[in-house]
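First up is the structure itself, then whatever we jot down about it.
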Amino acid sequence: MRTAFRRALLLCLPLALAAASAHAKVGDAAPAFTLVDTNGKQHALGDFKGKVVVLEWFNHDCPFVKKHYDSGNMPALQSRYTAKDVIWLSINSSAPGKQGNYAPEKANELSKEKKSAATYVLLDPNGTVGKLYGAKTTPHMYVIDGSGILRYEGAIDSVSSTDQADIKDATNYVAAAVDAVVAGKTVDPSVTQSYGCGVKY
Amino acid sequence: MRLPLTIVATLLVGAVAHGAEPASGDRIAAARLVSERTALTSGGDAWLALHLRIRDGWHVYWKNPGDSGTPPRLAWRLPDGVTVDDFVWPAPTRFVAEPLASFGYEREVYFPVRAVVASNATGTVRLEATAKWLACKVDCIPESAELSLTLPIGGRGGDGPAADGIRAALATVPRAEPAWRASIYGRDGDTLSLRVTMPPSFAAERYSYLFFPDTGGVIEASAPQPVDRGGDGIALSLTRAATRTAPVETLAGVLVARPEDGTTGGVAAIQLTATRVAPGSGLWAALALAFVGGLLLNLMPCVFPVIAIKVMGFVEEAGAGGRAGGQGLAFAAGVVASFWVLAGVLLALRGAGAEIGWGFQLQSPPFVLAMAFLFFVLAMAFLGGIDLGGRVSTLAGGVRARRGLGGSFLSGALATAVATPCTAPFMGTALGWALTAPPVTAFAVFTALALGTALPYVVLSASPGLVRALPRPGPWMETLKQLLAFPMLATVVWLLWVFGLQAGADAQALALGGLLFAALGVWVAGRAATPAAPPWRRRAATVAALVVIAVGFGVAVPRGERAPGPASAAHAPGGLAWEPYSAERLAALRAAGRPVYVDFTAAWCLTCQLNERVAFGSAAVREAFERHGVVPMRADWTNQDAEITRALAAFGRSGVPLNVLYGDEPSEEPIVQPTLLTPAVVLSAIEELLG
């Protein structure tokens, strides 16, 4: 029994390795991807070489995302950094039929209503890019530097809740990470546990 | 009749929950505050709970929610005289929605909260709280409720309607069990093996297992956890978090064992902290570490007095023109045998459930006292009060050799006994590993430690060059012997200090009185047993001396209740305001983002005392503690303390010293300091974590 079990485990090992090593890791090159935005235009991560890129996983029906949009926190971050030539990509990985999956027109409407100031809103209905980056929650944030290295991965801030009132006392990890990358300093913390709703793959 | 009854019931049970927003029927989860008993007791404590009844298919979250979600929160508004602790978390279950997983509860859950009532509190109290929780199915809905609970204080309360639910929840709250030990095995790749040893009484094969990490970002929440049963426990294969870059050195969490036949009552939830086994892992590394540790033990201050005895042995040996090689081997045998005895007793007591570790015998005041007597009598003998074992250099060769071997064996045993208060570098890791390994392996490690300790003596005594290098015997030997009495007397002073801390000042005074008897005994023996005296007289004098010493010990040995108040080695200079160790306080400080420096120490641990004076006496260290707001916390293990033993085990240690710096990030792993501290070592750790 035990040897059979061990053998089975050994057989599974390469699979697990292959699956795990595909994930994005802080300190490594951010995996390349191409996605279509809500206006039908294609964008590849490589298009933004030389610029700092923020990836934001979102789902407008998730209370954690609502917390950061309805309070104005997320749009403010987006405006602040896109004004500094940072590329902000909001990515929706909700599968068709699942919560938060909307047709491009409806998505544009929602972006307007939520005052999104992202550079592009990208659609990932197959969840390929979400899984490639190991995006677990909405929101789940990533910061990539100008040379394409992933420098931050995790939560938007330090207080896991759906309460807008908690934002003012929270440390915003994304702002700190982008500031550090822009200033050429080390990002600390560079990995945090993201919080939010599960991504609706 | 019906109306008054309802009112009485409401007053007694007092569980009045009212929703602020929609009626609880519209909610995913209906919340109430409940109490185990229908009344509170002034000056006592009580179990209250947040009760959530959750709509089918939905769940709420554990303290670590897994990949998504957030745990429930309760903000209390309490009347004077009542305080409450944080939630305790019942054993969670896992909800997998590939590729993600959540940890939490479905259908119904009680989150028990311990309340403490002041001794002067009376009347009826109304406890209010705002509960907030997130309920998820595929979608997530944050909900909240304003809750209250009115309870009388005093009187004869009985079980409330929620009593069974609260007790059932409390029964699944993870508990720390010393007989359950966990370690991380395997190379640090994408999978790691969590090995858990269990007590033999636990029918491991009848359960299925899931490990829930205390914090996120260490292992993949959704990955399968294949279990390999066998030997004295199980091994779970866990998948390292894909985003994690640092190796997993420690893993804290809850192992939940559920009966495979589906019975709900038999859930066992054990709080575990696993550390990676010694670098390079496995038996050989532990053996090598133990051997080197044993070798270095000879450089620790504990062993100095025994070196005195040993040096005398070699000198006399050389003087008598005999071979010292046999002596060295006898000494080694003494060391090995006594390490085995120690290991045997330690393993047997731990097997019986006692939470003790390396140096446990020194936690017993009678043992410390016996050591003080032994060293005192030896020192007296060295000073010339008596001549133990006759005048070896004048006796015939055969007799001398035999006596000499026995003496060497005994001094080997003595070396072990006094060496235990010191933990040498490398030893802590090896011993910590040994005590979680099967007994045969543990004995192998203890043997390696013993051989390392004995090696220098075996080598010295076997080298003819050393024996030749010694000067001819003469009056200088007597001078040397008397001089060597003083390190032993210093040991006596230290042992009595330890004894005083353990048993109190009165007991210490009695111990000094006992030593007075011992001195008298030595004097009697010395007066009567002159070389010219007939043998019967010498024998009688020896017996009389032993009786007097025994009476002295009988007077001094502490009986019954230990002196009140914890023993504390906190008198050490340094001026740092040490807080006494408490796991709860540590967790609270860490959660609040305060850096904490924990000093695991004991009065009988000489290495610890040295560390304290050298490292914490330094003004630079004090200043750095102040500047970074580091809370100094002292875990005093002078007396037996199960909580501290567990905390040591969490670091894979079974003895002191251990010094640990926790940073200001609650999720950050602490820095474990080396065995021997200097101000520079402490400062660089502070710089690394907080600089």
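Please note that chains go A, B, ... in the order of the structure tokens, that every chain numbers its residues from 1, and that ligands are numbered from 1 in the order shown.
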Chain B contacts to chain A at 8 Å (only C-alpha atoms) as a PyMOL selection string: chain B and resi 67-70+100+138-142+190+216-217+228+242-245
Residue selection dump (N, CA and C atoms) as an mmCIF file, in the first residue's frame:
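Result file follows (out_35.cif):
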```cif
data_model
loop_
_atom_site.group_PDB
_atom_site.id
_atom_site.type_symbol
_atom_site.label_atom_id
_atom_site.label_comp_id
_atom_site.auth_asym_id
_atom_site.auth_seq_id
_atom_site.Cartn_x
_atom_site.Cartn_y
_atom_site.Cartn_z
ATOM 1 N N ASP B 67 -7.740 31.252 0.865
ATOM 2 C CA ASP B 67 -7.404 32.093 -0.282
ATOM 3 C C ASP B 67 -8.235 33.363 -0.344
ATOM 4 N N SER B 68 -9.428 33.342 0.190
ATOM 5 C CA SER B 68 -10.268 34.537 0.109
ATOM 6 C C SER B 68 -11.091 34.639 1.379
ATOM 7 N N GLY B 69 -11.852 35.745 1.476
ATOM 8 C CA GLY B 69 -12.718 35.910 2.636
ATOM 9 C C GLY B 69 -12.031 36.612 3.785
ATOM 10 N N THR B 70 -12.784 36.778 4.859
ATOM 11 C CA THR B 70 -12.244 37.468 6.017
ATOM 12 C C THR B 70 -12.970 36.965 7.261
ATOM 13 N N LEU B 100 -9.095 27.508 -5.815
ATOM 14 C CA LEU B 100 -9.015 28.214 -4.542
ATOM 15 C C LEU B 100 -9.658 27.390 -3.436
ATOM 16 N N VAL B 138 -20.756 31.333 -3.661
ATOM 17 C CA VAL B 138 -19.831 31.716 -4.725
ATOM 18 C C VAL B 138 -19.660 33.221 -4.572
ATOM 19 N N ASP B 139 -20.800 33.879 -4.351
ATOM 20 C CA ASP B 139 -20.769 35.306 -4.076
ATOM 21 C C ASP B 139 -20.503 35.507 -2.590
ATOM 22 N N CYS B 140 -20.099 36.721 -2.262
ATOM 23 C CA CYS B 140 -19.837 37.019 -0.858
ATOM 24 C C CYS B 140 -20.722 38.178 -0.426
ATOM 25 N N ILE B 141 -21.288 38.074 0.753
ATOM 26 C CA ILE B 141 -22.118 39.153 1.273
ATOM 27 C C ILE B 141 -21.652 39.518 2.675
ATOM 28 N N PRO B 142 -21.206 40.772 2.859
ATOM 29 C CA PRO B 142 -20.846 41.180 4.223
ATOM 30 C C PRO B 142 -22.115 41.465 5.019
ATOM 31 N N ASP B 190 8.886 22.406 -3.867
ATOM 32 C CA ASP B 190 7.517 22.867 -3.942
ATOM 33 C C ASP B 190 6.589 22.069 -3.050
ATOM 34 N N GLY B 216 -1.651 32.813 6.069
ATOM 35 C CA GLY B 216 -1.662 32.539 4.648
ATOM 36 C C GLY B 216 -0.284 32.697 4.043
ATOM 37 N N GLY B 217 -0.151 32.325 2.789
ATOM 38 C CA GLY B 217 1.087 32.552 2.065
ATOM 39 C C GLY B 217 2.195 31.579 2.381
ATOM 40 N N ASP B 228 0.324 9.824 4.601
ATOM 41 C CA ASP B 228 1.053 8.573 4.651
ATOM 42 C C ASP B 228 1.062 8.156 6.113
ATOM 43 N N ALA B 242 2.654 28.919 -4.030
ATOM 44 C CA ALA B 242 3.338 29.150 -5.303
ATOM 45 C C ALA B 242 4.029 30.500 -5.320
ATOM 46 N N THR B 243 3.479 31.455 -4.564
ATOM 47 C CA THR B 243 4.050 32.802 -4.596
ATOM 48 C C THR B 243 5.181 32.971 -3.597
ATOM 49 N N ARG B 244 5.401 31.939 -2.769
ATOM 50 C CA ARG B 244 6.376 32.093 -1.700
ATOM 51 C C ARG B 244 7.790 31.985 -2.244
ATOM 52 N N THR B 245 8.649 32.890 -1.816
ATOM 53 C CA THR B 245 10.027 32.855 -2.276
ATOM 54 C C THR B 245 10.955 32.299 -1.203
#
```
Expected answer as an MDAnalysis selection string: helix (DSSP H, G or I) residues in stretch 105-158 of chain A: chainID A and resid 105:113 128:133
All residues 10 Å or closer to B:Glu579, only C-alpha atoms, same chain fewer than 2 positions away omitted, as a list in words: Ala570, Leu576, Ala577, Tyr581, Ser582, Arg585, Val598, Val631, Pro632, Met633, Arg634 and Ala635 of chain B
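Checking B:Ala545, B:Ala179, B:Ala203, B:Val82 one by one against B:Gln271, counting only C-alpha atoms, you find the shortest gap at B:Ala179.
Using only C-alpha atoms, the shortest contact distance between B:Arg195 and any of B:Leu238, B:Leu501, B:Val557, B:Cys605 is found at B:Leu238.
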Separation of atom CA of B:Gly500 from atom CA of B:Leu606 in Å: 15.7 Å
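Here atom CA of B:Trp578 and atom CA of B:Tyr597 stand 9.5 Å from one another.
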Nearest residue to A:Lys106 from the set A:Gln164, A:Ser79, A:Asn39, A:Thr186 (distances using only C-alpha atoms): A:Asn39
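Candidate residues A:Ala30, A:Val181, A:Val174, A:Val121 were compared for distance to A:Glu109, and the nearest is A:Val121, using only C-alpha atoms.
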